[in-house]
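Q: upload.tsv (TSV, C-alpha atoms and all ligand atoms) pasted underneath:
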chain	number	residue	atom	x	y	z
A	1	MET	CA	73.64	22.67	56.14
A	2	ILE	CA	76.73	21.35	57.96
A	3	LEU	CA	76.17	22.57	61.50
A	4	TYR	CA	79.16	22.33	63.86
A	5	ARG	CA	79.78	24.24	67.10
A	6	GLY	CA	76.97	26.62	66.29
A	7	GLN	CA	77.96	27.54	62.78
A	8	ASP	CA	77.30	26.31	59.27
A	9	LEU	CA	80.57	25.07	57.75
A	10	THR	CA	79.23	24.79	54.20
A	11	SER	CA	80.78	28.05	53.01
A	12	LEU	CA	84.21	26.94	54.28
A	13	PHE	CA	84.04	23.76	52.21
A	14	LEU	CA	83.19	25.86	49.15
A	15	LYS	CA	86.09	28.29	49.47
A	16	VAL	CA	89.20	28.46	47.33
A	17	PRO	CA	91.52	26.34	49.54
A	18	LYS	CA	94.22	29.04	49.50
A	19	SER	CA	91.78	31.60	50.92
A	20	LEU	CA	91.13	29.61	54.13
A	21	THR	CA	92.60	31.10	57.30
A	22	LEU	CA	94.56	29.01	59.78
A	23	ASP	CA	91.62	29.02	62.21
A	24	GLU	CA	89.27	27.86	59.50
A	25	LYS	CA	91.58	25.04	58.52
A	26	ILE	CA	91.81	23.88	62.15
A	27	LEU	CA	88.03	23.99	62.49
A	28	LEU	CA	87.54	21.92	59.34
A	29	LYS	CA	90.15	19.38	60.47
A	30	GLU	CA	88.46	19.02	63.85
A	31	TYR	CA	85.09	18.55	62.26
A	32	TYR	CA	86.51	15.99	59.84
A	33	SER	CA	88.28	14.02	62.58
A	34	GLU	CA	84.97	13.52	64.38
A	35	HIS	CA	83.53	11.59	61.43
A	36	LYS	CA	84.11	8.32	59.66
A	37	ARG	CA	85.04	9.04	56.06
A	38	GLY	CA	81.92	7.29	54.76
A	39	SER	CA	79.53	9.30	56.90
A	40	PHE	CA	81.33	12.51	56.01
A	41	GLU	CA	81.07	11.69	52.32
A	42	ALA	CA	77.33	11.06	52.72
A	43	ILE	CA	76.97	14.54	54.21
A	44	ILE	CA	78.81	16.38	51.42
A	45	ASN	CA	77.02	14.29	48.82
A	46	LYS	CA	73.70	15.31	50.29
A	47	GLU	CA	74.80	18.95	50.25
A	48	LYS	CA	75.94	18.47	46.63
A	49	ILE	CA	79.36	19.99	47.30
A	50	LEU	CA	81.56	16.91	46.92
A	51	PRO	CA	84.23	18.18	44.48
A	52	PHE	CA	84.62	21.47	46.41
A	53	ALA	CA	85.01	19.68	49.73
A	54	ALA	CA	87.41	17.18	48.12
A	55	CYS	CA	89.49	20.12	46.86
A	56	VAL	CA	89.63	21.67	50.34
A	57	LEU	CA	90.30	18.40	52.20
A	58	SER	CA	93.17	17.35	49.94
A	59	HIS	CA	94.63	20.82	50.36
A	60	ILE	CA	94.51	20.77	54.18
A	61	GLY	CA	95.76	17.19	54.30
A	62	CYS	CA	92.74	15.16	55.44
A	63	ASP	CA	92.88	11.74	53.72
A	64	LYS	CA	94.73	13.52	50.98
A	65	GLU	CA	95.11	10.66	48.46
A	66	TYR	CA	91.48	9.65	48.73
A	67	TRP	CA	90.11	13.13	48.11
A	68	ILE	CA	92.54	13.92	45.31
A	69	HIS	CA	91.25	10.83	43.58
A	70	LYS	CA	87.63	11.95	44.07
A	71	HIS	CA	88.42	15.46	42.83
A	72	ASP	CA	90.25	14.04	39.78
A	73	SER	CA	87.14	12.20	38.68
A	74	TYR	CA	85.33	15.54	38.49
A	75	LEU	CA	88.27	17.08	36.69
A	76	GLU	CA	88.00	14.40	34.04
A	77	ARG	CA	84.22	14.81	33.78
A	78	ASN	CA	84.48	18.58	33.49
A	79	ARG	CA	87.13	18.33	30.77
A	80	LYS	CA	84.67	16.23	28.80
A	81	ILE	CA	82.02	18.92	29.35
A	82	LYS	CA	84.40	21.50	27.93
A	83	SER	CA	84.85	19.47	24.79
A	84	ILE	CA	81.08	18.92	24.42
A	85	VAL	CA	80.41	22.65	24.86
A	86	ASP	CA	83.23	23.50	22.46
A	87	GLY	CA	81.62	21.19	19.89
A	88	VAL	CA	78.29	22.93	20.34
A	89	PHE	CA	79.86	26.36	19.75
A	90	LEU	CA	81.67	25.09	16.67
A	91	GLU	CA	78.42	23.78	15.16
A	92	MET	CA	76.59	26.99	16.04
A	93	LYS	CA	79.23	28.96	14.20
A	94	THR	CA	78.65	26.94	11.05
A	95	VAL	CA	74.86	27.44	11.20
A	96	GLY	CA	75.30	31.17	11.74
A	97	SER	CA	74.33	31.72	15.40
A	98	LYS	CA	76.04	34.87	16.63
A	99	THR	CA	74.57	35.34	20.08
A	100	LEU	CA	75.19	32.03	21.85
A	101	THR	CA	77.16	32.76	25.03
A	102	LEU	CA	78.10	30.52	27.94
A	103	ALA	CA	76.49	31.73	31.18
A	104	GLU	CA	76.77	31.31	34.92
A	105	ASN	CA	78.64	28.55	36.69
A	106	TYR	CA	80.50	26.78	33.89
A	107	GLY	CA	81.10	30.12	32.21
A	108	VAL	CA	82.65	31.38	35.45
A	109	VAL	CA	84.88	28.33	35.81
A	110	LEU	CA	86.33	28.85	32.33
A	111	LEU	CA	86.51	32.65	32.39
A	112	SER	CA	88.08	32.89	35.85
A	113	ASN	CA	90.45	30.03	35.13
A	114	SER	CA	89.58	28.61	38.53
A	115	CYS	CA	89.78	24.93	39.46
A	116	LEU	CA	88.12	22.93	36.68
A	117	GLY	CA	87.41	20.07	39.09
A	118	CYS	CA	85.26	22.32	41.26
A	119	PHE	CA	82.10	22.12	39.20
A	120	CYS	CA	79.39	19.52	39.78
A	121	SER	CA	76.26	20.91	38.20
A	122	GLY	CA	74.45	18.42	35.96
A	123	ASP	CA	73.82	20.99	33.27
A	124	VAL	CA	75.32	23.96	31.52
A	125	ASP	CA	73.48	27.23	30.89
A	126	LEU	CA	73.86	29.33	27.78
A	127	TYR	CA	72.36	32.68	26.79
A	128	ALA	CA	71.07	33.32	23.29
A	129	ASP	CA	68.85	35.77	21.46
A	130	PRO	CA	65.24	34.54	20.92
A	131	ASN	CA	65.59	35.52	17.22
A	132	GLU	CA	67.97	32.60	16.82
A	133	LYS	CA	65.66	30.13	18.52
A	134	GLU	CA	64.84	28.19	15.37
A	135	ILE	CA	68.41	27.63	14.19
A	136	ILE	CA	69.65	26.83	17.69
A	137	ILE	CA	66.95	24.22	18.34
A	138	LYS	CA	67.61	22.65	14.94
A	139	CYS	CA	71.36	22.68	15.46
A	140	LEU	CA	71.16	20.99	18.88
A	141	THR	CA	68.63	18.37	17.78
A	142	ASP	CA	70.81	17.60	14.74
A	143	MET	CA	73.66	17.04	17.20
A	144	GLY	CA	71.63	14.39	19.05
A	145	PHE	CA	70.11	16.53	21.80
A	146	LEU	CA	66.47	15.90	22.68
A	147	TYR	CA	64.39	19.05	23.00
A	148	GLU	CA	62.33	19.07	26.19
A	149	ASN	CA	59.31	21.26	25.80
A	150	ARG	CA	58.23	22.31	29.26
A	151	SER	CA	56.02	25.18	28.20
A	152	GLY	CA	53.09	23.81	30.19
A	153	ARG	CA	54.86	24.28	33.50
A	154	VAL	CA	54.89	28.04	33.87
A	155	SER	CA	52.90	30.43	31.70
A	156	ASN	CA	55.64	31.90	29.52
A	157	TYR	CA	58.37	29.46	30.50
A	158	SER	CA	59.29	28.32	26.98
A	159	GLU	CA	59.90	31.94	26.02
A	160	GLN	CA	62.44	32.13	28.84
A	161	VAL	CA	64.30	28.84	28.69
A	162	SER	CA	64.63	25.78	26.45
A	163	MET	CA	66.15	22.56	27.74
A	164	PHE	CA	68.02	19.92	25.79
A	165	PHE	CA	69.18	16.50	26.91
A	166	ASN	CA	71.73	14.24	25.32
A	167	PRO	CA	71.56	10.73	26.84
A	168	ASN	CA	74.78	9.65	25.12
A	169	LYS	CA	77.09	12.27	26.59
A	170	LEU	CA	78.83	11.71	29.95
A	171	ASN	CA	77.72	8.76	32.10
A	172	ASP	CA	74.25	9.94	33.01
A	173	GLY	CA	73.58	12.10	29.98
A	174	PHE	CA	74.08	15.83	29.65
A	175	TRP	CA	71.72	18.81	29.85
A	176	ILE	CA	72.04	22.12	28.06
A	177	ASN	CA	69.69	24.98	28.97
A	178	ILE	CA	69.34	27.90	26.60
A	179	LEU	CA	68.22	31.02	28.44
A	180	TRP	CA	66.37	33.43	26.15
A	181	THR	CA	66.00	36.02	28.92
A	182	THR	CA	68.15	37.02	31.88
A	183	THR	CA	66.30	34.87	34.36
A	184	SER	CA	63.67	32.22	33.85
A	185	ARG	CA	61.13	33.55	36.29
A	186	ALA	CA	57.49	34.07	35.50
A	187	PHE	CA	56.77	37.35	37.27
A	188	LEU	CA	59.87	39.47	37.14
A	189	ILE	CA	60.26	42.86	35.50
A	190	GLN	CA	63.41	42.16	33.55
A	191	GLU	CA	63.11	44.08	30.26
A	192	LYS	CA	66.04	46.34	31.10
A	193	TYR	CA	68.21	43.39	32.15
A	194	ASN	CA	67.38	41.68	28.87
A	195	GLU	CA	68.28	44.76	26.81
A	196	ARG	CA	71.62	45.00	28.60
A	197	LEU	CA	72.26	41.29	28.14
A	198	ALA	CA	71.55	41.56	24.40
A	199	LYS	CA	74.17	44.34	24.14
A	200	GLU	CA	76.73	42.51	26.27
A	201	ARG	CA	76.31	39.23	24.37
A	202	ILE	CA	77.65	40.87	21.23
A	203	SER	CA	80.94	41.78	22.91
A	204	ALA	CA	81.40	38.35	24.49
A	205	LYS	CA	84.94	36.98	24.78
A	206	GLN	CA	86.30	33.80	23.30
A	207	ILE	CA	87.95	31.33	25.68
A	208	ASP	CA	91.54	30.57	24.61
A	209	ASN	CA	92.02	27.59	22.30
A	210	SER	CA	88.30	27.00	21.95
A	211	ASN	CA	85.20	28.20	20.16
A	212	ILE	CA	83.44	28.91	23.46
A	213	ARG	CA	82.14	32.45	24.00
A	214	VAL	CA	81.54	33.93	27.47
A	215	LEU	CA	80.37	37.38	28.60
A	216	SER	CA	83.15	39.74	29.64
A	217	GLU	CA	84.14	39.53	33.33
A	218	THR	CA	82.18	42.57	34.51
A	219	SER	CA	79.03	41.55	32.60
A	220	LEU	CA	79.22	37.98	33.80
A	221	MET	CA	79.51	39.22	37.39
A	222	TYR	CA	76.50	41.50	36.97
A	223	PHE	CA	74.28	38.82	35.41
A	224	CYS	CA	75.39	36.13	37.88
A	225	ALA	CA	74.33	38.45	40.72
A	226	LEU	CA	70.96	39.23	39.11
A	227	HIS	CA	70.44	35.54	38.50
A	228	ILE	CA	71.15	34.63	42.13
A	229	ALA	CA	68.91	37.40	43.45
A	230	SER	CA	66.01	36.96	41.05
A	231	GLY	CA	66.16	33.32	40.01
A	232	HIS	CA	67.09	31.85	43.38
A	233	TYR	CA	65.83	34.49	45.83
A	234	TYR	CA	69.46	34.88	47.01
A	235	THR	CA	69.70	31.77	49.15
A	236	LEU	CA	67.29	29.10	47.92
A	237	SER	CA	68.44	25.87	46.27
A	238	PRO	CA	71.29	25.21	45.48
A	239	GLY	CA	72.04	27.72	48.23
A	240	LEU	CA	75.61	28.72	48.99
A	241	ARG	CA	77.01	27.01	45.92
A	242	LEU	CA	75.58	29.94	43.95
A	243	TYR	CA	78.08	32.26	45.60
A	244	VAL	CA	81.07	30.28	44.36
A	245	ASP	CA	80.56	32.04	41.00
A	246	ILE	CA	80.78	35.48	42.59
A	247	ASP	CA	83.79	34.50	44.67
A	248	ARG	CA	85.85	32.95	41.87
A	249	LEU	CA	85.10	35.74	39.43
A	250	ALA	CA	85.98	38.48	41.95
A	251	ARG	CA	89.26	36.77	42.81
A	252	ALA	CA	90.33	36.18	39.23
A	253	ALA	CA	89.20	39.13	37.24
A	254	ASN	CA	89.53	42.86	37.15
A	255	ILE	CA	85.91	43.78	37.78
A	256	ASP	CA	84.77	47.30	36.98
A	257	TRP	CA	82.66	47.82	40.12
A	258	ASP	CA	81.75	51.41	39.23
A	259	LEU	CA	80.32	50.21	35.95
A	260	ILE	CA	78.28	47.57	37.78
A	261	LEU	CA	76.86	50.22	40.13
A	262	LYS	CA	76.03	52.40	37.12
A	263	TRP	CA	74.16	49.52	35.49
A	264	VAL	CA	72.27	48.87	38.75
A	265	GLU	CA	71.00	52.48	38.58
A	266	GLU	CA	70.17	52.40	34.89
A	267	ASP	CA	68.39	49.04	35.04
A	268	GLU	CA	66.54	49.86	38.28
A	269	ALA	CA	67.96	46.65	39.71
A	270	GLY	CA	67.17	47.79	43.26
A	271	ILE	CA	69.50	46.35	45.89
A	272	ARG	CA	69.80	42.88	44.31
A	273	VAL	CA	73.41	43.10	43.18
A	274	GLN	CA	74.56	44.83	46.38
A	275	ILE	CA	73.02	42.17	48.62
A	276	VAL	CA	74.56	39.32	46.64
A	277	MET	CA	77.96	41.01	46.94
A	278	TYR	CA	77.49	41.56	50.66
A	279	ILE	CA	76.64	37.89	51.28
A	280	ALA	CA	79.68	36.77	49.25
A	281	HIS	CA	81.89	39.19	51.19
A	282	LYS	CA	80.49	38.02	54.53
A	283	LEU	CA	80.65	34.26	53.93
A	284	PHE	CA	83.62	33.88	51.57
A	285	ARG	CA	85.54	37.08	52.30
A	286	THR	CA	85.23	37.66	48.58
A	287	PRO	CA	87.24	40.74	47.60
A	288	VAL	CA	84.37	43.11	46.85
A	289	PRO	CA	85.00	46.81	47.62
A	290	SER	CA	82.76	47.94	50.50
A	291	LYS	CA	81.44	50.87	48.43
A	292	VAL	CA	79.43	48.28	46.50
A	293	PHE	CA	77.23	47.31	49.45
A	294	ASN	CA	77.79	49.81	52.28
A	295	GLU	CA	74.90	52.11	51.44
A	296	ILE	CA	72.22	49.46	51.71
A	297	PHE	CA	72.74	49.45	55.49
A	298	ASN	CA	71.50	53.02	55.76
A	299	SER	CA	67.94	51.74	55.72
A	300	ARG	CA	66.38	49.82	58.58
A	301	ARG	CA	64.19	47.89	56.16
A	302	ASN	CA	67.27	46.67	54.28
A	303	ARG	CA	68.97	45.65	57.54
A	304	ILE	CA	65.96	43.53	58.47
A	305	PHE	CA	65.95	42.02	54.99
A	306	ILE	CA	69.63	41.09	55.12
A	307	ASN	CA	69.17	39.60	58.56
A	308	TYR	CA	66.34	37.53	57.15
A	309	LEU	CA	68.59	36.14	54.42
A	310	LEU	CA	71.72	35.56	56.46
A	311	LYS	CA	72.47	35.01	60.14
A	312	SER	CA	75.97	36.47	60.27
A	313	ASP	CA	77.04	34.88	63.56
A	314	THR	CA	76.18	31.31	62.57
A	315	LYS	CA	76.67	31.75	58.80
A	316	GLN	CA	73.26	30.20	58.19
A	317	ILE	CA	71.26	31.23	55.17
A	318	GLN	CA	67.52	31.32	54.68
A	319	SER	CA	66.57	28.08	52.95
A	320	LYS	CA	62.83	28.02	53.58
A	321	SER	CA	60.57	28.92	50.72
A	322	SER	CA	56.89	29.75	50.45
A	323	ARG	CA	54.83	31.98	48.20
A	324	LEU	CA	54.67	34.65	50.87
A	325	LYS	CA	58.40	34.47	51.61
A	326	ARG	CA	59.25	34.80	47.92
A	327	LEU	CA	56.91	37.76	47.60
A	328	TYR	CA	58.64	39.44	50.54
A	329	VAL	CA	62.08	38.86	48.98
A	330	GLU	CA	60.89	40.16	45.63
A	331	LEU	CA	59.42	43.36	47.07
A	332	ALA	CA	62.25	44.00	49.53
A	333	SER	CA	64.78	43.69	46.69
A	334	ASP	CA	63.53	46.88	45.09
A	335	GLY	CA	65.01	48.85	47.99
A	336	LYS	CA	61.86	51.02	48.10
A	337	SER	CA	58.82	51.02	50.34
A	338	PHE	CA	56.57	48.02	49.78
A	339	PHE	CA	53.85	50.37	48.62
A	340	ALA	CA	56.11	51.86	45.93
A	341	SER	CA	57.23	48.35	44.89
A	342	ILE	CA	53.69	47.08	44.49
A	343	LEU	CA	52.73	50.23	42.59
A	344	LYS	CA	55.68	49.75	40.23
A	345	ARG	CA	54.48	46.24	39.39
A	346	LEU	CA	50.86	47.32	38.99
A	347	ARG	CA	51.88	50.01	36.52
A	348	TYR	CA	53.99	47.51	34.63
A	349	TYR	CA	51.21	44.94	34.27
A	350	LEU	CA	48.66	47.57	33.29
A	351	LYS	CA	51.04	48.78	30.59
A	352	MET	CA	51.65	45.19	29.41
A	353	HIS	CA	47.93	44.51	29.09
A	354	ASP	CA	47.01	47.85	27.59
B	1	ZN	ZN	89.02	21.98	42.90
Could you write out this file's structure as structure tokens?
A:
Amino acid sequence: MILYRGQDLTSLFLKVPKSLTLDEKILLKEYYSEHKRGSFEAIINKEKILPFAACVLSHIGCDKEYWIHKHDSYLERNRKIKSIVDGVFLEMKTVGSKTLTLAENYGVVLLSNSCLGCFCSGDVDLYADPNEKEIIIKCLTDMGFLYENRSGRVSNYSEQVSMFFNPNKLNDGFWINILWTTTSRAFLIQEKYNERLAKERISAKQIDNSNIRVLSETSLMYFCALHIASGHYYTLSPGLRLYVDIDRLARAANIDWDLILKWVEEDEAGIRVQIVMYIAHKLFRTPVPSKVFNEIFNSRRNRIFINYLLKSDTKQIQSKSSRLKRLYVELASDGKSFFASILKRLRYYLKMHD
């Protein structure tokens, strides 16, 4: 959190520089002028938003040369990532994998054609069908990736995600996560999400001049939102950086919002997608049509829930986590009474263990 004059500035440092208002630029400049560069850099490093802040600062003219240089180093790193990922897709094609699809943050950067320097995650996530698990693991290990088996950590974790590390790529090595389900969470009813993802993976798009495949814009938006809501409980680590995906995608692409709302109904996704879109709209002024989230405010329970996640006046998000808090978020996300939500889960687990 970057608290200044009663509000959290983090979201401003994560915005597309061009989307900042004059008032916001002045606020950021004032905040910056009150710090030594070194202490400021320590803050944005701690928040893990350095390339984004560097992008904004060079744009608004604070120590321009210095921050351009910083941002360029990420640009170079992220170009290397593109070539590594491209190589992976090329190899997968030769071994016959048809479902591998780039997901989430790096997928958004490429698909939305947004600033390639504004990406600092240490790993890249890909979706694939569990039927291809054997050939994908073999292909990646043949390419020099080490397979990390973390199945002991969470009960059915290895059925949800496999992690691969290549110590010889980039300076500190490079991680690839293959997601076999929509979200790697132990207790989430996600069968319908997974069915939809399997369908959408087939019609993935190829990124120009590469072998990289990404979900179509509308699908990627839908699955990013479900991932933020279910995998990160909306606002837990890495916090606001999650919403950069939603913002960049909404600004760049023609999103079919009606289709997204139809999928929400069909997949019984509750109010997860709507809340993610509301938070993006509120903090980043992301161009999301209000019809996407307006209706959730009709319920008092939803209003309390949103207020729990986000303090609108100070732009602070909920960052505390506990078992009880996560349970509350999970149940409240169904958009039903807690009783109905618990009953839904009971029925599901009874059916599973029949
Ligand atoms: Zn940038």
Q: Collect all residues with atoms no farther than 10 Å from ligand ZN 1 (chain B), counting all atoms listed in the file, and output them as a PDB file with C-alpha atoms, in the coordinates of the input.
A:
ATOM      1  CA  LEU A  14      83.190  25.860  49.150  1.00  0.00           C
ATOM      2  CA  LYS A  15      86.090  28.290  49.470  1.00  0.00           C
ATOM      3  CA  VAL A  16      89.200  28.460  47.330  1.00  0.00           C
ATOM      4  CA  PRO A  17      91.520  26.340  49.540  1.00  0.00           C
ATOM      5  CA  LEU A  50      81.560  16.910  46.920  1.00  0.00           C
ATOM      6  CA  PRO A  51      84.230  18.180  44.480  1.00  0.00           C
ATOM      7  CA  PHE A  52      84.620  21.470  46.410  1.00  0.00           C
ATOM      8  CA  ALA A  53      85.010  19.680  49.730  1.00  0.00           C
ATOM      9  CA  ALA A  54      87.410  17.180  48.120  1.00  0.00           C
ATOM     10  CA  CYS A  55      89.490  20.120  46.860  1.00  0.00           C
ATOM     11  CA  VAL A  56      89.630  21.670  50.340  1.00  0.00           C
ATOM     12  CA  SER A  58      93.170  17.350  49.940  1.00  0.00           C
ATOM     13  CA  HIS A  59      94.630  20.820  50.360  1.00  0.00           C
ATOM     14  CA  ILE A  68      92.540  13.920  45.310  1.00  0.00           C
ATOM     15  CA  HIS A  71      88.420  15.460  42.830  1.00  0.00           C
ATOM     16  CA  ASP A  72      90.250  14.040  39.780  1.00  0.00           C
ATOM     17  CA  TYR A  74      85.330  15.540  38.490  1.00  0.00           C
ATOM     18  CA  LEU A  75      88.270  17.080  36.690  1.00  0.00           C
ATOM     19  CA  SER A 114      89.580  28.610  38.530  1.00  0.00           C
ATOM     20  CA  CYS A 115      89.780  24.930  39.460  1.00  0.00           C
ATOM     21  CA  LEU A 116      88.120  22.930  36.680  1.00  0.00           C
ATOM     22  CA  GLY A 117      87.410  20.070  39.090  1.00  0.00           C
ATOM     23  CA  CYS A 118      85.260  22.320  41.260  1.00  0.00           C
ATOM     24  CA  PHE A 119      82.100  22.120  39.200  1.00  0.00           C
TER      25      PHE A 119
END
Q: What is the distance, in Å and to one decimal place, between atom CA of A:Arg272 and atom CA of A:Ile260?
A: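 Answer for the atom CA of A:Arg272 to atom CA of A:Ile260 separation: 11.7 Å.
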Q: Can you work out the spacing between atom CA of A:Thr10 and atom CA of A:Gly231 in Å, to one decimal?
A: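 Interatomic distance here is 21.1 Å.
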Q: Within 10 Å of (78.9, 33.6, 47.7) in the file's own coordinates, which protein, DNA or RNA residues have an atom, counting only C-alpha atoms? List them as a list in words.
A: Ser11, Leu14, Lys15, Ala225, Ile228, Tyr234, Thr235, Gly239, Leu240, Arg241, Leu242, Tyr243, Val244, Asp245, Ile246, Asp247, Arg248, Val276, Met277, Tyr278, Ile279, Ala280, His281, Lys282, Leu283, Phe284, Arg285 and Thr286 of chain A
Q: Please indicate the distance in Å from atom CA of A:Asn302 to atom CA of A:Leu324, rounded to one decimal place.
A: 17.7 Å
Q: Would you mind telling me which residue in A:Asn298, A:Asn105, A:Ser219, A:Ser322 lies nearest to A:Trp263 when using all atoms listed in the file?
A: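 When distances to A:Trp263 are compared using all atoms listed in the file, the smallest one comes from A:Ser219.
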Q: What's the 9 Å shell around stretch 77-88 of chain A, counting all atoms listed in the file, without same-chain residues fewer than 2 positions away, as an MDAnalysis selection string?
A: chainID A and resid 72:75 90:93 102 106 110 116:120 124 139:140 143 169:170 174 176 210:212
Q: Just C-alpha atoms for this one: save the residues we selected as a PDB file, in the frame of the given file.
A:
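The resulting again19.pdb:
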ATOM      1  CA  ASP A  72      90.250  14.040  39.780  1.00  0.00           C
ATOM      2  CA  SER A  73      87.140  12.200  38.680  1.00  0.00           C
ATOM      3  CA  TYR A  74      85.330  15.540  38.490  1.00  0.00           C
ATOM      4  CA  LEU A  75      88.270  17.080  36.690  1.00  0.00           C
ATOM      5  CA  LEU A  90      81.670  25.090  16.670  1.00  0.00           C
ATOM      6  CA  GLU A  91      78.420  23.780  15.160  1.00  0.00           C
ATOM      7  CA  MET A  92      76.590  26.990  16.040  1.00  0.00           C
ATOM      8  CA  LYS A  93      79.230  28.960  14.200  1.00  0.00           C
ATOM      9  CA  LEU A 102      78.100  30.520  27.940  1.00  0.00           C
ATOM     10  CA  TYR A 106      80.500  26.780  33.890  1.00  0.00           C
ATOM     11  CA  LEU A 110      86.330  28.850  32.330  1.00  0.00           C
ATOM     12  CA  LEU A 116      88.120  22.930  36.680  1.00  0.00           C
ATOM     13  CA  GLY A 117      87.410  20.070  39.090  1.00  0.00           C
ATOM     14  CA  CYS A 118      85.260  22.320  41.260  1.00  0.00           C
ATOM     15  CA  PHE A 119      82.100  22.120  39.200  1.00  0.00           C
ATOM     16  CA  CYS A 120      79.390  19.520  39.780  1.00  0.00           C
ATOM     17  CA  VAL A 124      75.320  23.960  31.520  1.00  0.00           C
ATOM     18  CA  CYS A 139      71.360  22.680  15.460  1.00  0.00           C
ATOM     19  CA  LEU A 140      71.160  20.990  18.880  1.00  0.00           C
ATOM     20  CA  MET A 143      73.660  17.040  17.200  1.00  0.00           C
ATOM     21  CA  LYS A 169      77.090  12.270  26.590  1.00  0.00           C
ATOM     22  CA  LEU A 170      78.830  11.710  29.950  1.00  0.00           C
ATOM     23  CA  PHE A 174      74.080  15.830  29.650  1.00  0.00           C
ATOM     24  CA  ILE A 176      72.040  22.120  28.060  1.00  0.00           C
ATOM     25  CA  SER A 210      88.300  27.000  21.950  1.00  0.00           C
ATOM     26  CA  ASN A 211      85.200  28.200  20.160  1.00  0.00           C
ATOM     27  CA  ILE A 212      83.440  28.910  23.460  1.00  0.00           C
TER      28      ILE A 212
END
Q: So that I can see what lies close to A:Tyr127, please list as a PDB file with C-alpha atoms, in the frame of the given file the residues with an atom at most 6 Å from it, counting only C-alpha atoms and leaving out residues fewer than 4 positions away in the same chain.
A:
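Contents of part.pdb, freshly written:
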ATOM      1  CA  LEU A 100      75.190  32.030  21.850  1.00  0.00           C
ATOM      2  CA  THR A 101      77.160  32.760  25.030  1.00  0.00           C
ATOM      3  CA  ILE A 178      69.340  27.900  26.600  1.00  0.00           C
ATOM      4  CA  LEU A 179      68.220  31.020  28.440  1.00  0.00           C
TER       5      LEU A 179
END
Q: Neighbours of A:Arg5 within 10 Å (only C-alpha atoms; same-chain residues fewer than 2 positions away dropped), as a ChimeraX atom specification?
A: /A:3,7-9,27,31,314
Q: Would you pick out the contacts of A:Tyr222 at 10 Å or less, using all atoms listed in the file, so that residues sharing its chain but fewer than 4 positions from it are not included, and give the list as a PyMOL selection string?
A: chain A and resi 193+197+217-218+226-227+246+255+257+259-261+263-264+273
Q: Will you model N, CA and C atoms for stretch 95-106 of chain A and pass it back as a PDB file, in the frame of the given file?
A:
ATOM      1  N   VAL A  95      76.251  27.153  11.602  1.00  0.00           N
ATOM      2  CA  VAL A  95      74.860  27.440  11.200  1.00  0.00           C
ATOM      3  C   VAL A  95      74.521  28.928  11.315  1.00  0.00           C
ATOM      4  N   GLY A  96      75.473  29.717  11.765  1.00  0.00           N
ATOM      5  CA  GLY A  96      75.300  31.170  11.740  1.00  0.00           C
ATOM      6  C   GLY A  96      74.735  31.811  12.999  1.00  0.00           C
ATOM      7  N   SER A  97      74.761  31.087  14.146  1.00  0.00           N
ATOM      8  CA  SER A  97      74.330  31.720  15.400  1.00  0.00           C
ATOM      9  C   SER A  97      75.424  32.662  15.890  1.00  0.00           C
ATOM     10  N   LYS A  98      75.037  33.892  16.197  1.00  0.00           N
ATOM     11  CA  LYS A  98      76.040  34.870  16.630  1.00  0.00           C
ATOM     12  C   LYS A  98      75.894  35.260  18.087  1.00  0.00           C
ATOM     13  N   THR A  99      74.824  34.821  18.734  1.00  0.00           N
ATOM     14  CA  THR A  99      74.570  35.340  20.080  1.00  0.00           C
ATOM     15  C   THR A  99      74.781  34.308  21.187  1.00  0.00           C
ATOM     16  N   LEU A 100      75.037  33.061  20.819  1.00  0.00           N
ATOM     17  CA  LEU A 100      75.190  32.030  21.850  1.00  0.00           C
ATOM     18  C   LEU A 100      76.387  32.359  22.758  1.00  0.00           C
ATOM     19  N   THR A 101      76.137  32.372  24.060  1.00  0.00           N
ATOM     20  CA  THR A 101      77.160  32.760  25.030  1.00  0.00           C
ATOM     21  C   THR A 101      77.032  31.884  26.268  1.00  0.00           C
ATOM     22  N   LEU A 102      78.130  31.344  26.730  1.00  0.00           N
ATOM     23  CA  LEU A 102      78.100  30.520  27.940  1.00  0.00           C
ATOM     24  C   LEU A 102      77.799  31.402  29.151  1.00  0.00           C
ATOM     25  N   ALA A 103      76.921  30.906  30.044  1.00  0.00           N
ATOM     26  CA  ALA A 103      76.490  31.730  31.180  1.00  0.00           C
ATOM     27  C   ALA A 103      76.864  31.074  32.502  1.00  0.00           C
ATOM     28  N   GLU A 104      76.733  31.827  33.549  1.00  0.00           N
ATOM     29  CA  GLU A 104      76.770  31.310  34.920  1.00  0.00           C
ATOM     30  C   GLU A 104      77.912  30.352  35.245  1.00  0.00           C
ATOM     31  N   ASN A 105      77.576  29.305  36.021  1.00  0.00           N
ATOM     32  CA  ASN A 105      78.640  28.550  36.690  1.00  0.00           C
ATOM     33  C   ASN A 105      79.769  28.035  35.796  1.00  0.00           C
ATOM     34  N   TYR A 106      79.404  27.311  34.721  1.00  0.00           N
ATOM     35  CA  TYR A 106      80.500  26.780  33.890  1.00  0.00           C
ATOM     36  C   TYR A 106      81.224  27.909  33.163  1.00  0.00           C
TER      37      TYR A 106
END
